[in-house]
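Asker: data39.cif is the file, holding mmCIF, C-alpha atoms and all ligand atoms:
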```
data_protein
#
loop_
_atom_site.label_atom_id
_atom_site.label_comp_id
_atom_site.auth_asym_id
_atom_site.auth_seq_id
_atom_site.Cartn_x
_atom_site.Cartn_y
_atom_site.Cartn_z
CA MET A 184 114.13 124.10 103.97
CA THR A 185 111.18 124.98 101.74
CA THR A 186 107.47 124.25 101.91
CA LEU A 187 107.86 122.28 98.67
CA THR A 188 110.48 119.89 99.98
CA THR A 189 109.23 119.22 103.50
CA PRO A 190 106.13 117.55 105.04
CA PRO A 191 103.25 117.69 104.64
CA LEU A 192 103.65 118.84 101.02
CA ALA A 193 106.60 116.73 99.81
CA PRO A 194 105.06 113.31 100.64
CA LEU A 195 101.66 114.52 99.44
CA LEU A 196 103.08 115.44 96.02
CA ASP A 197 104.87 112.09 95.79
CA ARG A 198 101.56 110.38 96.41
CA LEU A 199 99.57 112.56 94.01
CA PHE A 200 102.04 112.29 91.12
CA GLY A 201 101.97 108.51 91.68
CA GLU A 202 98.17 108.39 91.60
CA ALA A 203 98.11 110.59 88.49
CA ALA A 204 100.59 108.38 86.64
CA ALA A 205 98.57 105.28 87.48
CA ALA A 206 95.30 106.84 86.30
CA THR A 207 96.18 108.66 83.09
CA SER A 208 96.63 106.28 80.17
CA PRO A 209 93.46 104.16 79.87
CA ALA A 210 90.89 106.98 79.66
CA MET A 211 92.94 108.92 77.09
CA ALA A 212 92.74 105.87 74.88
CA GLY A 213 89.17 106.89 73.99
CA PHE A 214 90.57 109.56 71.64
CA SER A 215 92.50 109.15 68.44
CA HIS A 216 95.48 111.50 68.07
CA GLU A 217 93.64 113.44 65.37
CA GLU A 218 90.49 113.85 67.46
CA ARG A 219 92.50 114.92 70.48
CA ASP A 220 94.45 117.52 68.48
CA ARG A 221 91.29 118.87 66.90
CA LEU A 222 89.42 119.15 70.21
CA MET A 223 92.40 120.73 71.96
CA ARG A 224 92.48 123.48 69.34
CA SER A 225 88.73 124.05 69.25
CA LYS A 226 87.30 127.24 70.75
CA THR A 227 83.80 125.78 70.96
CA GLU A 228 84.23 122.16 72.07
CA TYR A 229 86.54 122.59 75.04
CA LEU A 230 83.78 122.02 77.64
CA GLU A 231 82.83 118.75 75.99
CA PHE A 232 86.48 117.69 75.65
CA TYR A 233 87.45 118.36 79.26
CA GLY A 234 84.10 117.04 80.47
CA ARG A 235 85.01 113.69 78.92
CA LEU A 236 88.36 113.90 80.72
CA LYS A 237 86.96 114.79 84.11
CA GLU A 238 88.34 111.66 85.77
CA LEU A 239 91.86 112.47 84.58
CA TRP A 240 94.49 114.40 86.48
CA LEU A 241 96.34 115.85 83.45
CA PRO A 242 98.95 117.39 85.77
CA VAL A 243 102.02 119.41 84.94
CA SER A 244 105.15 117.28 84.92
CA ARG A 245 107.28 117.05 88.05
CA GLU A 246 109.83 119.28 86.30
CA THR A 247 107.26 121.91 85.39
CA GLY A 248 105.92 121.79 88.94
CA ALA A 249 109.39 122.47 90.33
CA LEU A 250 109.87 125.21 87.73
CA LEU A 251 106.64 126.88 88.84
CA TYR A 252 107.76 126.85 92.44
CA MET A 253 111.19 128.24 91.56
CA LEU A 254 109.87 131.02 89.34
CA ALA A 255 107.22 132.11 91.82
CA GLN A 256 109.52 131.89 94.83
CA SER A 257 112.59 133.53 93.29
CA THR A 258 110.59 136.47 91.93
CA GLY A 259 108.86 137.00 95.28
CA ALA A 260 105.42 136.53 93.72
CA ARG A 261 102.48 137.47 95.95
CA SER A 262 99.69 137.51 93.36
CA ILE A 263 99.16 134.55 91.05
CA ILE A 264 96.45 133.50 88.60
CA GLU A 265 96.05 129.93 87.38
CA PHE A 266 93.90 128.82 84.45
CA GLY A 267 93.14 125.09 84.89
CA THR A 268 93.21 123.63 88.42
CA SER A 269 92.29 120.00 87.78
CA PHE A 270 93.17 118.10 91.00
CA GLY A 271 95.48 120.86 92.19
CA ILE A 272 99.01 119.60 91.56
CA SER A 273 100.32 122.80 89.94
CA THR A 274 98.27 124.82 92.45
CA LEU A 275 100.12 123.14 95.31
CA HIS A 276 103.50 124.16 93.83
CA LEU A 277 102.44 127.77 93.33
CA ALA A 278 100.82 128.06 96.74
CA ALA A 279 103.98 126.64 98.35
CA ALA A 280 105.95 129.50 96.79
CA LEU A 281 103.45 132.02 98.15
CA ARG A 282 103.87 130.51 101.61
CA ASP A 283 107.65 130.82 101.36
CA ASN A 284 107.30 134.39 100.11
CA GLY A 285 105.42 135.33 103.26
CA GLY A 286 101.87 134.94 101.92
CA GLY A 287 99.77 136.17 99.03
CA ARG A 288 96.79 135.24 96.91
CA LEU A 289 96.38 132.56 94.27
CA ILE A 290 93.21 132.56 92.19
CA THR A 291 92.72 129.31 90.31
CA THR A 292 89.94 128.31 87.93
CA GLU A 293 88.21 125.01 87.12
CA PHE A 294 84.81 124.25 85.64
CA GLU A 295 84.44 120.61 86.77
CA PRO A 296 82.84 120.58 90.25
CA SER A 297 84.27 117.15 91.12
CA LYS A 298 87.78 118.40 90.32
CA VAL A 299 87.26 121.52 92.43
CA ALA A 300 86.33 119.29 95.38
CA ARG A 301 89.40 117.09 94.92
CA ALA A 302 91.71 120.10 94.55
CA ARG A 303 90.25 121.69 97.68
CA GLY A 304 90.92 118.47 99.59
CA HIS A 305 94.53 118.30 98.40
CA LEU A 306 95.19 121.95 99.22
CA THR A 307 93.74 121.40 102.69
CA GLU A 308 95.91 118.32 103.18
CA GLY A 309 98.96 120.31 102.07
CA GLY A 310 98.17 123.10 104.54
CA LEU A 311 97.87 125.69 101.75
CA ILE A 312 94.12 126.24 101.29
CA ASP A 313 94.24 129.58 103.13
CA LEU A 314 96.26 131.05 100.22
CA VAL A 315 94.01 129.83 97.43
CA GLU A 316 90.68 130.94 96.00
CA ILE A 317 89.20 128.32 93.68
CA ARG A 318 86.76 129.85 91.19
CA GLN A 319 84.39 127.21 89.86
CA GLY A 320 83.08 127.74 86.34
CA ASP A 321 84.37 128.71 82.92
CA ALA A 322 87.46 130.87 83.36
CA LEU A 323 86.26 133.12 80.54
CA GLN A 324 83.65 134.31 83.05
CA SER A 325 85.35 133.71 86.40
CA LEU A 326 88.47 135.68 85.41
CA SER A 327 86.50 138.54 83.92
CA ILE A 328 85.74 140.01 87.37
CA ASP A 329 87.45 140.88 90.63
CA LEU A 330 91.10 140.44 89.73
CA PRO A 331 93.98 141.74 91.88
CA GLU A 332 95.38 145.17 90.97
CA THR A 333 98.65 143.59 89.92
CA ILE A 334 99.54 140.07 88.95
CA ASP A 335 103.06 138.66 89.34
CA LEU A 336 102.62 135.28 87.65
CA LEU A 337 100.10 133.63 85.36
CA LEU A 338 99.91 129.91 84.69
CA LEU A 339 98.00 128.88 81.57
CA ASP A 340 97.03 125.20 81.77
CA GLY A 341 93.34 124.98 80.83
CA ALA A 342 91.86 124.68 77.32
CA LYS A 343 94.75 125.54 74.99
CA SER A 344 92.55 127.31 72.47
CA LEU A 345 91.61 129.88 75.14
CA TYR A 346 95.15 130.94 76.04
CA PRO A 347 94.92 134.20 74.02
CA ASP A 348 91.49 135.01 75.51
CA ILE A 349 92.62 134.38 79.10
CA LEU A 350 95.74 136.45 78.50
CA SER A 351 93.54 139.30 77.27
CA LEU A 352 91.45 139.14 80.46
CA VAL A 353 94.42 139.56 82.79
CA GLU A 354 96.92 141.41 80.60
CA SER A 355 96.28 144.91 81.94
CA ARG A 356 97.05 143.65 85.47
CA LEU A 357 100.35 141.97 84.67
CA ARG A 358 103.12 144.06 86.17
CA PRO A 359 106.25 144.74 84.12
CA GLY A 360 108.42 141.69 84.76
CA ALA A 361 105.43 139.43 85.41
CA LEU A 362 105.95 135.87 84.23
CA ILE A 363 103.60 133.70 82.19
CA VAL A 364 104.05 129.95 82.07
CA ALA A 365 101.98 128.33 79.32
CA ASP A 366 101.92 124.53 79.44
CA ASN A 367 101.64 122.69 76.12
CA ALA A 368 101.45 126.02 74.31
CA ASP A 369 102.32 124.35 71.01
CA HIS A 370 98.60 123.51 70.83
CA SER A 371 97.85 127.25 70.66
CA PRO A 372 99.70 128.75 67.67
CA GLU A 373 97.70 131.96 68.08
CA TYR A 374 99.03 132.39 71.61
CA LEU A 375 102.62 131.68 70.58
CA GLU A 376 102.42 134.17 67.73
CA ARG A 377 101.16 136.84 70.12
CA VAL A 378 103.75 136.46 72.89
CA ARG A 379 106.63 135.96 70.46
CA SER A 380 105.81 138.90 68.19
CA SER A 381 108.27 141.77 68.37
CA GLY A 382 106.68 144.80 69.95
CA GLY A 383 103.93 142.66 71.47
CA GLY A 384 104.93 143.45 75.03
CA TYR A 385 106.61 140.16 75.90
CA ILE A 386 109.94 138.41 75.81
CA SER A 387 109.13 134.76 75.21
CA VAL A 388 111.01 131.52 74.79
CA PRO A 389 110.14 127.84 74.56
CA PHE A 390 111.44 126.22 77.70
CA ALA A 391 112.08 122.56 78.39
CA GLU A 392 109.90 120.25 76.31
CA ASP A 393 106.43 121.71 76.46
CA VAL A 394 106.45 125.06 78.25
CA GLU A 395 106.45 128.58 76.83
CA LEU A 396 107.95 131.02 79.33
CA SER A 397 107.16 134.68 78.75
CA MET A 398 107.85 137.91 80.58
CA ARG A 399 105.74 141.08 80.38
CA THR A 400 107.97 143.96 79.37
CA GLY A 401 105.61 146.84 79.94
C1 LIG A 501 95.70 120.19 81.99
S1 LIG A 501 94.46 120.25 83.23
C2 LIG A 501 95.19 121.23 84.50
C3 LIG A 501 96.23 120.51 85.31
C4 LIG A 501 96.66 121.25 86.55
N1 LIG A 501 97.19 122.56 86.20
C5 LIG A 501 97.70 120.44 87.29
O1 LIG A 501 98.90 120.63 87.05
O2 LIG A 501 97.31 119.59 88.09
C6 LIG A 501 93.33 121.38 82.51
C7 LIG A 501 92.12 121.64 83.40
O3 LIG A 501 91.53 122.85 82.96
C8 LIG A 501 90.13 122.73 83.06
N2 LIG A 501 89.59 123.69 82.11
C9 LIG A 501 89.71 123.66 80.76
N3 LIG A 501 89.12 124.73 80.21
C10 LIG A 501 88.61 125.45 81.23
C11 LIG A 501 87.86 126.67 81.28
N4 LIG A 501 87.52 127.34 80.18
N5 LIG A 501 87.53 127.15 82.50
C12 LIG A 501 87.85 126.47 83.63
N6 LIG A 501 88.54 125.32 83.64
C13 LIG A 501 88.92 124.80 82.45
C14 LIG A 501 89.85 121.28 82.73
O4 LIG A 501 88.61 120.83 83.25
C15 LIG A 501 91.06 120.56 83.32
O5 LIG A 501 90.78 120.08 84.61
#
```
Take the structure in the file and give it back as C-alpha cells.
Answerer:
Amino acid sequence: MTTLTTPPLAPLLDRLFGEAAAATSPAMAGFSHEERDRLMRSKTEYLEFYGRLKELWLPVSRETGALLYMLAQSTGARSIIEFGTSFGISTLHLAAALRDNGGGRLITTEFEPSKVARARGHLTEGGLIDLVEIRQGDALQSLSIDLPETIDLLLLDGAKSLYPDILSLVESRLRPGALIVADNADHSPEYLERVRSSGGGYISVPFAEDVELSMRTG
C-alpha cells in the first residue's frame, strides 16, 4: 500500500490526467513548431511563452510521474525542490513519496497565480498540502533565498532555457547522491552539456523518452 496507489490520491490523479489530456491540444495549436522551439529555448521570452500557456496543464507523463514517486521514495528523500508546478500533477507524486518516507519538505515554484491556486486545491484534495510550500513568482528569484541545508531531489520542469540557472541556484545544497530529474531536457543543450561533462560533478543519462536523470557525485 502506498499513498500513490490508494485513495484519495489514486482516483484524484486518474481524474487530473484525464482532464489534462482533454485540455492540452487545442491551445497549443496557436504555435507553429518553429515558434514553440524558439520560445522554449529563449532566456528572455519564457514569461510571455508560459503566460500564453497559462490555461494548459503541461504535466509530466504518467510514466514520469511514477518514476518521480519511485526515485523519491526509494532514496528516502525528505527534501525536494521542484521548478515548475503548473496544476500540481508532478508535485502530487513527489509529495506522496515524502508522505511514505515519513514526512519532509517540498518547495515548488510557479509564476502564474491561477496555476498556484489550482495546484493548492489539488494538493489539498490529495491530503498532501501540509508537505508542500508553493513559492509564487519567477523561480530565478524564489529559489535564490531560504533553501534547505541539503536537497535530496530536484525536479526541473519549468522554462527549459533556465535549467542551468536553476541548477546553479541549488547546486551547493545537493547532497552527494542527490538526484535531478530534468523533463524535456533536450530543449536545453546547455544543461545537457553541463551534467554530462566528465568532471562536472554528475553522472547523467537520458532516461525513457524525454527525461534526463542525473546524480550528484560530490
Ligand atoms: C511543464 S509545466 C510544469 C508541469 C508540472 N511539473 C506537472 O507535471 O504538472 C511548466 C510550468 O513552469 C512554469 N514556469 C516556467 N518558467 C518559470 C519560472 N521561471 N518560474 C516559475 N515558474 C515557471 C510555467 O508557468 C508552467 O506552469
Asker: Out of A:Arg221, A:Arg356, A:Arg303, A:Arg318, which residue has the shortest atom-to-atom distance to ligand LIG 501 (chain A) when counting only C-alpha atoms and all ligand atoms?
Answerer: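 Result for the nearest residue to ligand LIG 501 (chain A): A:Arg318.
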Asker: Using only C-alpha atoms and all ligand atoms, which residues of the polymer chains come no farther than 6 Å from ligand LIG 501 (chain A)? I'd like the answer as a short mmCIF file (atom, residue, chain, number, x, y, z; two decimals) with C-alpha atoms, keeping the file's coordinate frame.
Answerer:
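This went into pocket_2.cif:
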```
data_model
loop_
_atom_site.label_atom_id
_atom_site.label_comp_id
_atom_site.auth_asym_id
_atom_site.auth_seq_id
_atom_site.Cartn_x
_atom_site.Cartn_y
_atom_site.Cartn_z
CA TYR A 233 87.45 118.36 79.26
CA LEU A 241 96.34 115.85 83.45
CA PRO A 242 98.95 117.39 85.77
CA VAL A 243 102.02 119.41 84.94
CA GLY A 267 93.14 125.09 84.89
CA THR A 268 93.21 123.63 88.42
CA SER A 269 92.29 120.00 87.78
CA PHE A 270 93.17 118.10 91.00
CA GLY A 271 95.48 120.86 92.19
CA ILE A 272 99.01 119.60 91.56
CA SER A 273 100.32 122.80 89.94
CA THR A 292 89.94 128.31 87.93
CA GLU A 293 88.21 125.01 87.12
CA PHE A 294 84.81 124.25 85.64
CA GLU A 295 84.44 120.61 86.77
CA GLY A 320 83.08 127.74 86.34
CA ASP A 321 84.37 128.71 82.92
CA ALA A 322 87.46 130.87 83.36
CA LEU A 323 86.26 133.12 80.54
CA ASP A 340 97.03 125.20 81.77
CA GLY A 341 93.34 124.98 80.83
CA ALA A 342 91.86 124.68 77.32
#
```
Asker: Find the residues around A:Leu275 up to 12 Å (all atoms listed in the file counted), leave out those fewer than 2 positions away in its own chain, and share them as number ranges by chain.
Answerer: A: 186-188, 191-193, 195-196, 199-200, 242-243, 245, 248-249, 251-252, 255, 265, 268-273, 277-282, 289, 291, 302-315
Asker: Would you compute the distance between atom CA of A:Phe266 and atom CA of A:Gly285? Give it in Å to one decimal.
Answerer: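 Here the two named atoms are 23.0 Å from each other.
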Asker: Measuring atom to atom with all atoms listed in the file, identify which of A:Ile264, A:Leu254, A:Gly360, A:Phe214 is nearest to A:Arg235.
Answerer: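 Smallest separation from A:Arg235 among the options: A:Phe214.
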